[in-house]
file protein-v3.csv (CSV, C-alpha atoms and all ligand atoms)
chain,number,residue,atom,x,y,z
R,17,MET,CA,23.4,-13.6,46.5
R,18,THR,CA,23.0,-12.6,42.8
R,19,VAL,CA,20.4,-14.6,40.9
R,20,PRO,CA,21.8,-15.3,37.4
R,21,MET,CA,19.6,-13.8,34.7
R,22,SER,CA,18.5,-16.3,32.2
R,23,SER,CA,20.0,-15.6,28.8
R,24,PRO,CA,17.7,-14.5,26.1
R,25,LYS,CA,16.6,-17.1,23.5
R,26,HIS,CA,18.3,-15.8,20.4
R,27,PHE,CA,17.8,-17.1,16.8
R,28,LEU,CA,21.3,-16.6,15.4
R,29,ASP,CA,21.9,-19.7,13.3
R,30,ILE,CA,20.3,-23.0,12.4
R,31,ALA,CA,23.3,-24.9,13.8
R,32,ASP,CA,22.5,-23.5,17.3
R,33,LEU,CA,19.2,-25.4,17.5
R,34,ASP,CA,18.5,-29.1,17.5
R,35,ALA,CA,16.3,-30.9,15.0
R,36,SER,CA,13.3,-31.1,17.3
R,37,ALA,CA,13.3,-27.3,17.9
R,38,LEU,CA,13.7,-26.6,14.2
R,39,ASN,CA,11.0,-29.0,13.2
R,40,GLY,CA,8.8,-27.6,15.9
R,41,ILE,CA,9.2,-24.1,14.6
R,42,ILE,CA,8.3,-25.2,11.0
R,43,ALA,CA,5.3,-27.3,12.3
R,44,ALA,CA,4.0,-24.3,14.2
R,45,ALA,CA,4.5,-22.0,11.1
R,46,ARG,CA,2.5,-24.5,9.0
R,47,ALA,CA,-0.3,-24.6,11.5
R,48,MET,CA,-0.5,-20.7,11.7
R,49,LYS,CA,-0.5,-20.6,7.9
R,50,ASP,CA,-3.3,-23.1,7.5
R,51,ALA,CA,-5.4,-21.4,10.2
R,52,ARG,CA,-5.1,-18.0,8.3
R,53,LYS,CA,-6.3,-19.3,4.9
R,54,GLY,CA,-8.8,-16.8,3.4
R,55,ARG,CA,-8.3,-14.2,6.1
R,56,PRO,CA,-7.1,-10.6,5.3
R,57,ARG,CA,-3.4,-10.2,5.5
R,58,GLY,CA,-3.7,-7.4,8.1
R,59,GLN,CA,-5.9,-9.3,10.4
R,60,ARG,CA,-4.4,-10.1,13.8
R,61,GLU,CA,-4.3,-13.7,15.2
R,62,THR,CA,-7.3,-14.0,17.5
R,63,ASP,CA,-5.2,-14.7,20.6
R,64,GLU,CA,-2.6,-11.9,19.8
R,65,PRO,CA,0.2,-13.8,21.5
R,66,LEU,CA,2.7,-10.9,21.2
R,67,ARG,CA,0.3,-8.2,22.3
R,68,GLY,CA,2.3,-5.4,24.0
R,69,ARG,CA,5.6,-6.6,22.6
R,70,MET,CA,7.9,-4.4,20.6
R,71,LEU,CA,10.3,-5.7,17.9
R,72,ALA,CA,13.1,-3.5,16.6
R,73,LEU,CA,14.3,-4.2,13.1
R,74,ILE,CA,17.9,-2.9,12.4
R,75,PHE,CA,19.0,-2.7,8.7
R,76,GLU,CA,22.6,-2.3,7.8
R,77,ARG,CA,21.7,-3.5,4.3
R,78,PRO,CA,18.5,-3.0,2.2
R,79,SER,CA,15.6,-5.4,2.2
R,80,THR,CA,12.2,-6.0,0.8
R,81,ARG,CA,11.0,-9.4,2.0
R,82,THR,CA,12.7,-9.5,5.4
R,83,ARG,CA,11.4,-6.1,6.4
R,84,VAL,CA,7.9,-6.5,5.2
R,85,SER,CA,7.5,-10.1,6.5
R,86,PHE,CA,8.8,-9.2,9.9
R,87,GLU,CA,6.6,-6.1,10.1
R,88,VAL,CA,3.4,-7.8,9.0
R,89,GLY,CA,4.2,-11.0,11.0
R,90,MET,CA,4.7,-9.1,14.2
R,91,ARG,CA,1.5,-7.1,13.7
R,92,GLN,CA,-0.5,-10.3,13.0
R,93,LEU,CA,0.8,-11.6,16.3
R,94,GLY,CA,-0.5,-8.5,18.0
R,95,GLY,CA,2.9,-6.8,18.5
R,96,GLU,CA,4.5,-3.7,17.2
R,97,THR,CA,7.7,-2.9,15.2
R,98,LEU,CA,10.2,-0.1,14.9
R,99,VAL,CA,12.3,-0.1,11.7
R,100,LEU,CA,15.8,1.4,12.2
R,101,SER,CA,18.3,2.0,9.5
R,102,SER,CA,21.9,1.9,10.8
R,103,ASN,CA,22.6,5.1,8.8
R,104,ASP,CA,20.1,7.0,10.9
R,105,MET,CA,21.4,5.7,14.2
R,106,GLN,CA,24.4,6.7,16.3
R,107,LEU,CA,25.7,3.2,15.2
R,108,GLY,CA,26.5,4.8,11.9
R,109,ARG,CA,28.6,7.4,13.8
R,110,GLY,CA,30.7,5.0,15.8
R,111,GLU,CA,28.5,4.1,18.9
R,112,THR,CA,29.4,0.4,19.5
R,113,ILE,CA,27.1,-2.4,18.7
R,114,ALA,CA,27.3,-3.6,22.3
R,115,ASP,CA,26.2,-0.2,23.7
R,116,THR,CA,23.4,-0.1,21.1
R,117,ALA,CA,22.3,-3.5,22.3
R,118,ARG,CA,22.2,-2.4,25.9
R,119,VAL,CA,20.2,0.7,25.1
R,120,LEU,CA,17.7,-1.1,22.8
R,121,SER,CA,17.2,-3.8,25.4
R,122,ARG,CA,15.7,-1.1,27.7
R,123,TYR,CA,13.1,-0.1,25.1
R,124,VAL,CA,12.2,-3.2,23.1
R,125,ASP,CA,11.4,-6.9,23.6
R,126,ALA,CA,13.4,-8.3,20.7
R,127,ILE,CA,15.8,-7.2,18.0
R,128,MET,CA,16.2,-8.4,14.4
R,129,ILE,CA,19.3,-7.3,12.6
R,130,ARG,CA,20.3,-7.5,9.0
R,131,ALA,CA,24.1,-7.1,9.6
R,132,ALA,CA,26.8,-6.0,7.2
R,133,ARG,CA,29.1,-8.4,9.1
R,134,HIS,CA,28.4,-11.5,11.1
R,135,SER,CA,30.4,-10.1,14.0
R,136,HIS,CA,27.8,-7.3,14.4
R,137,LEU,CA,25.2,-10.0,14.9
R,138,THR,CA,27.2,-11.9,17.5
R,139,GLU,CA,28.3,-8.7,19.4
R,140,LEU,CA,24.7,-7.5,19.5
R,141,ALA,CA,23.5,-10.9,20.8
R,142,ALA,CA,26.3,-11.1,23.4
R,143,ALA,CA,25.3,-7.7,24.9
R,144,ALA,CA,21.5,-7.7,24.5
R,145,ALA,CA,19.2,-8.6,27.3
R,146,VAL,CA,16.5,-9.5,24.8
R,147,PRO,CA,16.3,-12.1,22.0
R,148,VAL,CA,18.2,-11.3,18.8
R,149,ILE,CA,17.2,-12.7,15.4
R,150,ASN,CA,19.6,-13.0,12.4
R,151,GLY,CA,17.9,-11.3,9.4
R,152,LEU,CA,21.0,-12.1,7.2
R,153,THR,CA,24.7,-11.5,7.6
R,154,ASN,CA,27.5,-11.9,5.1
R,155,LEU,CA,27.9,-15.5,6.4
R,156,THR,CA,24.4,-16.9,7.0
R,157,HIS,CA,20.6,-16.3,6.4
R,158,PRO,CA,18.8,-18.7,8.7
R,159,CYS,CA,15.3,-17.2,8.5
R,160,GLN,CA,15.4,-17.7,4.7
R,161,VAL,CA,16.4,-21.3,4.9
R,162,MET,CA,13.8,-22.1,7.5
R,163,ALA,CA,11.2,-20.7,5.0
R,164,ASP,CA,12.9,-22.8,2.2
R,165,VAL,CA,12.7,-26.0,4.2
R,166,MET,CA,9.0,-25.3,5.1
R,167,THR,CA,8.3,-24.7,1.4
R,168,LEU,CA,10.0,-27.8,0.2
R,169,GLU,CA,8.3,-30.0,2.8
R,170,GLU,CA,4.9,-28.6,1.8
R,171,HIS,CA,5.5,-29.7,-1.7
R,172,LEU,CA,7.7,-32.8,-1.4
R,173,GLY,CA,7.5,-34.1,2.2
R,174,PRO,CA,10.2,-34.5,4.8
R,175,LEU,CA,13.6,-33.0,4.0
R,176,ARG,CA,15.3,-36.1,5.3
R,177,ASN,CA,14.0,-38.0,2.2
R,178,LEU,CA,15.1,-35.3,-0.3
R,179,THR,CA,18.1,-34.4,-2.4
R,180,VAL,CA,18.7,-30.6,-2.7
R,181,SER,CA,21.2,-29.1,-5.2
R,182,TRP,CA,22.7,-25.7,-4.6
R,183,VAL,CA,24.2,-24.3,-7.8
R,184,GLY,CA,26.3,-21.1,-8.0
R,185,ASP,CA,27.9,-19.0,-5.2
R,186,GLY,CA,28.6,-20.9,-2.0
R,187,ASN,CA,27.3,-17.8,-0.1
R,188,ASN,CA,25.4,-17.0,3.1
R,189,VAL,CA,22.2,-18.8,2.0
R,190,ALA,CA,24.2,-21.8,1.0
R,191,ALA,CA,25.8,-21.9,4.4
R,192,SER,CA,22.5,-21.9,6.2
R,193,TRP,CA,21.4,-24.7,3.9
R,194,ILE,CA,24.4,-26.7,4.9
R,195,GLN,CA,23.4,-26.1,8.6
R,196,ALA,CA,19.8,-27.1,7.8
R,197,VAL,CA,20.9,-30.4,6.3
R,198,GLY,CA,23.4,-31.0,9.2
R,199,ARG,CA,20.5,-30.6,11.7
R,200,MET,CA,17.4,-31.8,9.9
R,201,GLY,CA,18.8,-34.4,7.4
R,202,GLY,CA,18.5,-34.8,3.7
R,203,ARG,CA,21.2,-34.7,1.0
R,204,LEU,CA,22.8,-31.5,-0.2
R,205,ARG,CA,24.9,-31.4,-3.4
R,206,ILE,CA,26.7,-28.1,-3.9
R,207,GLY,CA,28.0,-27.1,-7.4
R,208,ALA,CA,30.2,-24.1,-7.1
R,209,PRO,CA,33.4,-22.8,-8.6
R,210,GLU,CA,36.4,-23.6,-6.4
R,211,GLU,CA,37.0,-19.9,-5.7
R,212,LEU,CA,33.4,-19.4,-4.5
R,213,ALA,CA,33.0,-22.6,-2.4
R,214,PRO,CA,31.2,-22.3,1.0
R,215,VAL,CA,33.5,-21.2,3.8
R,216,PRO,CA,35.7,-24.1,5.0
R,217,GLU,CA,34.4,-23.8,8.6
R,218,VAL,CA,30.8,-24.6,7.6
R,219,MET,CA,31.9,-27.5,5.5
R,220,ALA,CA,34.0,-28.8,8.4
R,221,TRP,CA,31.0,-28.5,10.7
R,222,ALA,CA,28.9,-30.5,8.2
R,223,ARG,CA,31.5,-33.2,8.1
R,224,ALA,CA,31.7,-33.3,11.9
R,225,GLN,CA,27.9,-33.8,12.0
R,226,GLY,CA,28.1,-36.6,9.5
R,227,ALA,CA,25.8,-34.6,7.2
R,228,ASP,CA,25.3,-35.7,3.6
R,229,VAL,CA,26.8,-32.6,2.0
R,230,SER,CA,29.0,-32.9,-1.0
R,231,LEU,CA,30.8,-30.2,-2.9
R,232,MET,CA,31.7,-30.3,-6.6
R,233,THR,CA,32.6,-27.8,-9.3
R,234,SER,CA,30.3,-29.2,-12.0
R,235,PRO,CA,26.8,-27.7,-12.0
R,236,GLU,CA,25.6,-30.7,-14.2
R,237,GLU,CA,26.9,-33.2,-11.7
R,238,ALA,CA,25.5,-31.2,-8.8
R,239,VAL,CA,21.9,-31.4,-10.1
R,240,GLU,CA,22.0,-35.2,-10.6
R,241,GLY,CA,19.1,-36.8,-8.7
R,242,ALA,CA,17.9,-33.4,-7.4
R,243,ASP,CA,14.4,-33.0,-6.1
R,244,CYS,CA,15.0,-29.3,-5.9
R,245,VAL,CA,17.6,-27.0,-7.5
R,246,ILE,CA,18.4,-23.8,-5.6
R,247,THR,CA,20.4,-20.8,-6.7
R,248,ASP,CA,21.0,-17.2,-5.6
R,249,ALA,CA,22.4,-13.9,-6.9
R,250,TRP,CA,26.0,-14.0,-8.2
R,251,VAL,CA,26.8,-10.8,-6.4
R,252,SER,CA,25.6,-10.6,-2.8
R,253,MET,CA,25.1,-7.3,-1.0
R,254,HIS,CA,28.5,-7.5,0.7
R,255,ASP,CA,30.5,-8.5,-2.4
R,256,THR,CA,32.7,-6.0,-4.2
R,257,ASP,CA,34.2,-8.2,-6.9
R,258,GLY,CA,31.2,-8.2,-9.2
R,259,GLU,CA,33.0,-8.7,-12.5
R,260,THR,CA,35.1,-11.6,-11.4
R,261,ARG,CA,32.0,-13.3,-10.0
R,262,HIS,CA,30.0,-12.8,-13.2
R,263,ASN,CA,32.9,-14.5,-15.1
R,264,LEU,CA,33.2,-17.4,-12.7
R,265,LEU,CA,29.5,-18.0,-12.3
R,266,LYS,CA,28.3,-17.8,-15.9
R,267,PRO,CA,28.5,-21.6,-16.4
R,268,TYR,CA,26.3,-22.0,-13.3
R,269,GLN,CA,23.2,-20.4,-14.7
R,270,VAL,CA,20.1,-22.4,-13.8
R,271,ASN,CA,18.3,-22.7,-17.1
R,272,GLY,CA,15.9,-25.3,-18.8
R,273,ALA,CA,18.9,-27.4,-19.9
R,274,LEU,CA,20.3,-27.7,-16.4
R,275,MET,CA,16.9,-28.4,-14.8
R,276,GLY,CA,16.5,-31.1,-17.4
R,277,LEU,CA,19.4,-33.0,-15.8
R,278,ALA,CA,17.7,-33.0,-12.3
R,279,LYS,CA,14.8,-35.4,-11.5
R,280,PRO,CA,11.7,-35.1,-13.7
R,281,ASN,CA,9.6,-32.2,-12.4
R,282,ALA,CA,12.3,-31.1,-10.0
R,283,LYS,CA,11.4,-28.0,-8.1
R,284,PHE,CA,13.2,-24.7,-8.2
R,285,MET,CA,13.8,-22.2,-5.4
R,286,HIS,CA,15.5,-18.8,-5.1
R,287,CYS,CA,15.5,-16.6,-2.0
R,288,LEU,CA,15.0,-13.5,-4.2
R,289,PRO,CA,15.8,-10.9,-5.3
R,290,ALA,CA,16.6,-12.7,-8.6
R,291,HIS,CA,18.6,-11.3,-11.5
R,292,ARG,CA,16.6,-12.8,-14.3
R,293,GLY,CA,18.9,-13.8,-17.2
R,294,GLU,CA,21.9,-14.1,-15.0
R,295,GLU,CA,21.8,-16.8,-12.3
R,296,VAL,CA,18.4,-18.0,-13.5
R,297,THR,CA,16.3,-17.7,-16.7
R,298,ASP,CA,12.7,-16.5,-16.9
R,299,GLU,CA,11.8,-20.0,-18.2
R,300,VAL,CA,12.9,-21.6,-14.8
R,301,MET,CA,11.6,-18.7,-12.6
R,302,ASP,CA,8.2,-18.8,-14.2
R,303,SER,CA,7.9,-22.5,-14.7
R,304,ARG,CA,5.2,-24.6,-12.9
R,305,ASN,CA,7.9,-26.2,-10.8
R,306,SER,CA,9.1,-22.9,-9.4
R,307,LEU,CA,8.3,-22.5,-5.8
R,308,ILE,CA,9.6,-18.9,-5.4
R,309,TRP,CA,6.4,-17.2,-4.4
R,310,ASP,CA,5.5,-19.8,-1.8
R,311,GLU,CA,9.0,-19.5,-0.6
R,312,ALA,CA,8.7,-15.7,-0.2
R,313,GLU,CA,5.3,-16.1,1.5
R,314,ASN,CA,6.6,-18.6,4.0
R,315,ARG,CA,9.1,-16.1,5.3
R,316,LEU,CA,6.1,-14.5,7.0
R,317,HIS,CA,4.8,-17.7,8.6
R,318,VAL,CA,8.1,-19.1,9.7
R,319,GLN,CA,9.3,-15.8,11.2
R,320,LYS,CA,6.1,-15.5,13.2
R,321,SER,CA,7.0,-18.9,14.6
R,322,ILE,CA,10.6,-17.9,15.2
R,323,LEU,CA,9.3,-14.8,17.1
R,324,LEU,CA,7.1,-17.0,19.2
R,325,HIS,CA,10.0,-19.4,19.9
R,326,CYS,CA,12.3,-16.5,21.0
R,327,LEU,CA,9.7,-14.7,23.1
R,328,GLY,CA,8.4,-17.8,24.7
R,329,ALA,CA,4.8,-17.0,23.8
V,401,LIG,N1,15.3,-13.0,0.6
V,401,LIG,C1,15.5,-11.9,1.3
V,401,LIG,O1,16.0,-11.9,2.4
V,401,LIG,O2,15.0,-10.8,0.6
V,401,LIG,P1,15.2,-9.3,1.1
V,401,LIG,O3,16.7,-8.9,0.8
V,401,LIG,O4,14.3,-8.5,0.2
V,401,LIG,O5,14.9,-9.1,2.5
V,402,LIG,N1,23.0,-13.8,-0.9
V,402,LIG,C1,22.2,-12.6,-1.0
V,402,LIG,C2,20.8,-12.9,-0.4
V,402,LIG,C3,19.9,-11.7,-0.4
V,402,LIG,C4,18.6,-12.0,0.3
V,402,LIG,C5,22.9,-11.4,-0.4
V,402,LIG,O1,23.5,-11.6,0.7
V,402,LIG,O2,22.8,-10.3,-0.9

call {"tool": "encode", "arguments": {"input": "protein-v3.csv", "output": "C-alpha cells"}}
result
Amino acid sequence: MTVPMSSPKHFLDIADLDASALNGIIAAARAMKDARKGRPRGQRETDEPLRGRMLALIFERPSTRTRVSFEVGMRQLGGETLVLSSNDMQLGRGETIADTARVLSRYVDAIMIRAARHSHLTELAAAAAVPVINGLTNLTHPCQVMADVMTLEEHLGPLRNLTVSWVGDGNNVAASWIQAVGRMGGRLRIGAPEELAPVPEVMAWARAQGADVSLMTSPEEAVEGADCVITDAWVSMHDTDGETRHNLLKPYQVNGALMGLAKPNAKFMHCLPAHRGEEVTDEVMDSRNSLIWDEAENRLHVQKSILLHCLGA
C-alpha cells in the first residue's frame, strides 16, 4: 500500500488561505516584531525555529526588498538561504520549471520564486515536494500585501473597519489587495483607467466572495472616504508598453491635491520602488502620513511568519 505524501504547505496567493490563517500570520509577525525591538538586525531569534533549514530564492526579475527581507528573515529564524538568478541556472537554458522543482526539492526545505510569469509559480508548486512561496509574479504579490495589511492595522486598527483606495495601474499588487479584502474584509475602491483595470478573473472572484470592492475610472472619486491611498509604479517589471502607460496614468498621480480629497490625515502606502514625480510626488512620499518605510520593514516580519507557517515550525 502506498501512503499518500502530504502536500507541501505553499504560500501562493492570499485567496488560497482563509481569514483565520491570514490573521494568524499577521498576528505572529507582529509578536515577533515587538519581541525584537532594540535588538541588532542580524541577531537570531533565541529559539532559532528554522535552524538547519535551507531556503532557495529564485529570481527571474530583479529585487531589493524581497531578496534582502527573505535573506535576513531566514537567518533571524536560524535558517540559511541560497540566492539563485534564473539566468545563472539551467532554467535559463530550457530545463523545465517542473524538473527544476524536483531537483531543488532534494536540496532545500523551501523555495521562494519571483517569477516572470504566474504559470512558472504554479508549475513550480505543482512539482515541488517542499513549500513554494510567491515572491511576485506578473499577476500577484501576496507577501507585499500581507506586509501592507500588517502596516495599516498597526496604524489604524482592523482592516475590516477601513476604506482603502488603490489609484493607478490595476496590477499584480492591486490583485493581491483585492484578494486581501475578499478574505479579511474592509472596503477597497479602485481608481484605474479602463485599459488598466484589474484582470476580470480577480474582480469576478471578489464579487463571488461578496467583497466590498468597487472599480471606477476617476481617481478623485476613488479616494473619497479613504483611510489610506495606495499606488504603485506605472510600468511594472513585465510591462513593455511604457509610453502608453505613462499617457494613460498621468491623471492618476498621487499628489497633495488628490490626498486632500481623502479623509483628513489619510495614510499613504507604496510597495516601492517608487518613481518620484511620476505615480507619486515627494510631498506625499515624505509626508508624515506616509507609511512606506514601515511597510518595507514589515516585509521582513510578515515573511518570517509566512516561512514559519509553510514550514510548520
Ligand atoms: N516591493 C518589492 O517587492 O520590492 P523589490 O522589487 O525590491 O523586491
Ligand atoms: N508592480 C510592480 C511591483 C514591484 C515590487 C512590478 O511588478 O514591477

call {"tool": "closest_atom_pairs", "arguments": {"input": "protein-v3.csv", "of": "chain R", "to": "ligand LIG 402 (chain V)", "cutoff": "8 Å", "atoms": "all atoms listed in the file", "output": "JSON lines"}}
result
{"residue": "R:Ser79", "atom": "CA", "partner": "V:LIG402", "partner_atom": "C4", "distance": 7.5}
{"residue": "R:Leu152", "atom": "CA", "partner": "V:LIG402", "partner_atom": "O1", "distance": 7.0}
{"residue": "R:Thr153", "atom": "CA", "partner": "V:LIG402", "partner_atom": "O1", "distance": 7.0}
{"residue": "R:Asn154", "atom": "CA", "partner": "V:LIG402", "partner_atom": "O1", "distance": 6.0}
{"residue": "R:His157", "atom": "CA", "partner": "V:LIG402", "partner_atom": "C2", "distance": 7.6}
{"residue": "R:Gln160", "atom": "CA", "partner": "V:LIG402", "partner_atom": "C4", "distance": 7.9}
{"residue": "R:Asn187", "atom": "CA", "partner": "V:LIG402", "partner_atom": "N1", "distance": 5.9}
{"residue": "R:Asn188", "atom": "CA", "partner": "V:LIG402", "partner_atom": "N1", "distance": 5.7}
{"residue": "R:Val189", "atom": "CA", "partner": "V:LIG402", "partner_atom": "N1", "distance": 5.8}
{"residue": "R:Asp248", "atom": "CA", "partner": "V:LIG402", "partner_atom": "N1", "distance": 6.1}
{"residue": "R:Ala249", "atom": "CA", "partner": "V:LIG402", "partner_atom": "N1", "distance": 6.0}
{"residue": "R:Trp250", "atom": "CA", "partner": "V:LIG402", "partner_atom": "N1", "distance": 7.9}
{"residue": "R:Val251", "atom": "CA", "partner": "V:LIG402", "partner_atom": "O2", "distance": 6.8}
{"residue": "R:Ser252", "atom": "CA", "partner": "V:LIG402", "partner_atom": "O2", "distance": 3.4}
{"residue": "R:Met253", "atom": "CA", "partner": "V:LIG402", "partner_atom": "O2", "distance": 3.8}
{"residue": "R:His254", "atom": "CA", "partner": "V:LIG402", "partner_atom": "O1", "distance": 6.5}
{"residue": "R:Cys287", "atom": "CA", "partner": "V:LIG402", "partner_atom": "C4", "distance": 6.0}
{"residue": "R:Leu288", "atom": "CA", "partner": "V:LIG402", "partner_atom": "C4", "distance": 6.0}
{"residue": "R:Pro289", "atom": "CA", "partner": "V:LIG402", "partner_atom": "C4", "distance": 6.4}

call {"tool": "closest_residue", "arguments": {"input": "protein-v3.csv", "among": "R:Ile194, R:Leu120, R:Met275, R:Ala45", "to": "R:Ala72", "atoms": "all atoms listed in the file"}}
result
R:Leu120

call {"tool": "residues_around", "arguments": {"input": "protein-v3.csv", "residues": "R:Ser36", "least_positions_apart": "6", "cutoff": "10 Å", "atoms": "only C-alpha atoms", "output": "PyMOL selection string"}}
result
chain R and resi 42+199-200

call {"tool": "closest_residue", "arguments": {"input": "protein-v3.csv", "among": "R:Gln269, R:Gln92, R:Gln225, R:Thr247", "to": "ligand LIG 401 (chain V)", "atoms": "only C-alpha atoms and all ligand atoms"}}
result
R:Thr247

call {"tool": "residues_around", "arguments": {"input": "protein-v3.csv", "residues": "R:Gly293", "least_positions_apart": "3", "cutoff": "10 Å", "atoms": "all atoms listed in the file", "output": "compact mmCIF listing (two decimals) with C-alpha atoms, in the frame of the given file"}}
result
# COMPACT_ATOMS: atom_id res chain seq x y z
CA GLN R 269 23.20 -20.40 -14.70
CA VAL R 270 20.10 -22.40 -13.80
CA ASN R 271 18.30 -22.70 -17.10
CA ALA R 290 16.60 -12.70 -8.60
CA VAL R 296 18.40 -18.00 -13.50
CA THR R 297 16.30 -17.70 -16.70
CA ASP R 298 12.70 -16.50 -16.90
CA GLU R 299 11.80 -20.00 -18.20
CA MET R 301 11.60 -18.70 -12.60

call {"tool": "residues_near_point", "arguments": {"input": "protein-v3.csv", "point": "(23.6, 4.9, 15.0)", "cutoff": "12 Å", "atoms": "all atoms listed in the file", "output": "MDAnalysis selection string"}}
result
chainID R and resid 74:76 100:117 119:120

call {"tool": "closest_residue", "arguments": {"input": "protein-v3.csv", "among": "R:Val229, R:Val215, R:Ala142, R:Val300", "to": "R:Gly201", "atoms": "all atoms listed in the file"}}
result
R:Val229

call {"tool": "build_atoms", "arguments": {"input": "protein-v3.csv", "residues": "stretch 122-134 of chain R", "atoms": "N, CA, C and O atoms", "output": "compact mmCIF listing (two decimals), keeping the file's coordinate frame"}}
result
# COMPACT_ATOMS: atom_id res chain seq x y z
N ARG R 122 16.55 -1.82 26.74
CA ARG R 122 15.70 -1.10 27.70
C ARG R 122 14.39 -0.62 27.08
O ARG R 122 13.51 -0.13 27.79
N TYR R 123 14.32 -0.66 25.73
CA TYR R 123 13.10 -0.10 25.10
C TYR R 123 12.25 -1.20 24.40
O TYR R 123 11.06 -1.00 24.21
N VAL R 124 12.90 -2.27 23.91
CA VAL R 124 12.20 -3.20 23.10
C VAL R 124 12.27 -4.64 23.65
O VAL R 124 13.13 -4.90 24.49
N ASP R 125 11.44 -5.54 23.13
CA ASP R 125 11.40 -6.90 23.60
C ASP R 125 12.21 -7.88 22.81
O ASP R 125 12.50 -9.00 23.24
N ALA R 126 12.54 -7.49 21.58
CA ALA R 126 13.40 -8.30 20.70
C ALA R 126 13.96 -7.47 19.61
O ALA R 126 13.42 -6.40 19.29
N ILE R 127 15.07 -7.95 19.05
CA ILE R 127 15.80 -7.20 18.00
C ILE R 127 16.07 -8.14 16.84
O ILE R 127 16.61 -9.23 17.05
N MET R 128 15.71 -7.72 15.64
CA MET R 128 16.20 -8.40 14.40
C MET R 128 17.21 -7.52 13.79
O MET R 128 17.01 -6.31 13.73
N ILE R 129 18.30 -8.11 13.33
CA ILE R 129 19.30 -7.30 12.60
C ILE R 129 19.68 -7.94 11.29
O ILE R 129 19.89 -9.16 11.21
N ARG R 130 19.71 -7.13 10.26
CA ARG R 130 20.30 -7.50 9.00
C ARG R 130 21.71 -6.81 9.04
O ARG R 130 21.81 -5.58 8.97
N ALA R 131 22.74 -7.64 9.22
CA ALA R 131 24.10 -7.10 9.60
C ALA R 131 25.03 -7.12 8.39
O ALA R 131 25.07 -8.10 7.65
N ALA R 132 25.80 -6.07 8.29
CA ALA R 132 26.80 -6.00 7.20
C ALA R 132 27.90 -7.06 7.50
O ALA R 132 28.49 -7.59 6.56
N ARG R 133 28.13 -7.35 8.77
CA ARG R 133 29.10 -8.40 9.10
C ARG R 133 28.56 -9.29 10.21
O ARG R 133 27.88 -8.80 11.12
N HIS R 134 28.93 -10.56 10.12
CA HIS R 134 28.40 -11.50 11.10
C HIS R 134 28.78 -11.13 12.51
O HIS R 134 28.02 -11.34 13.46
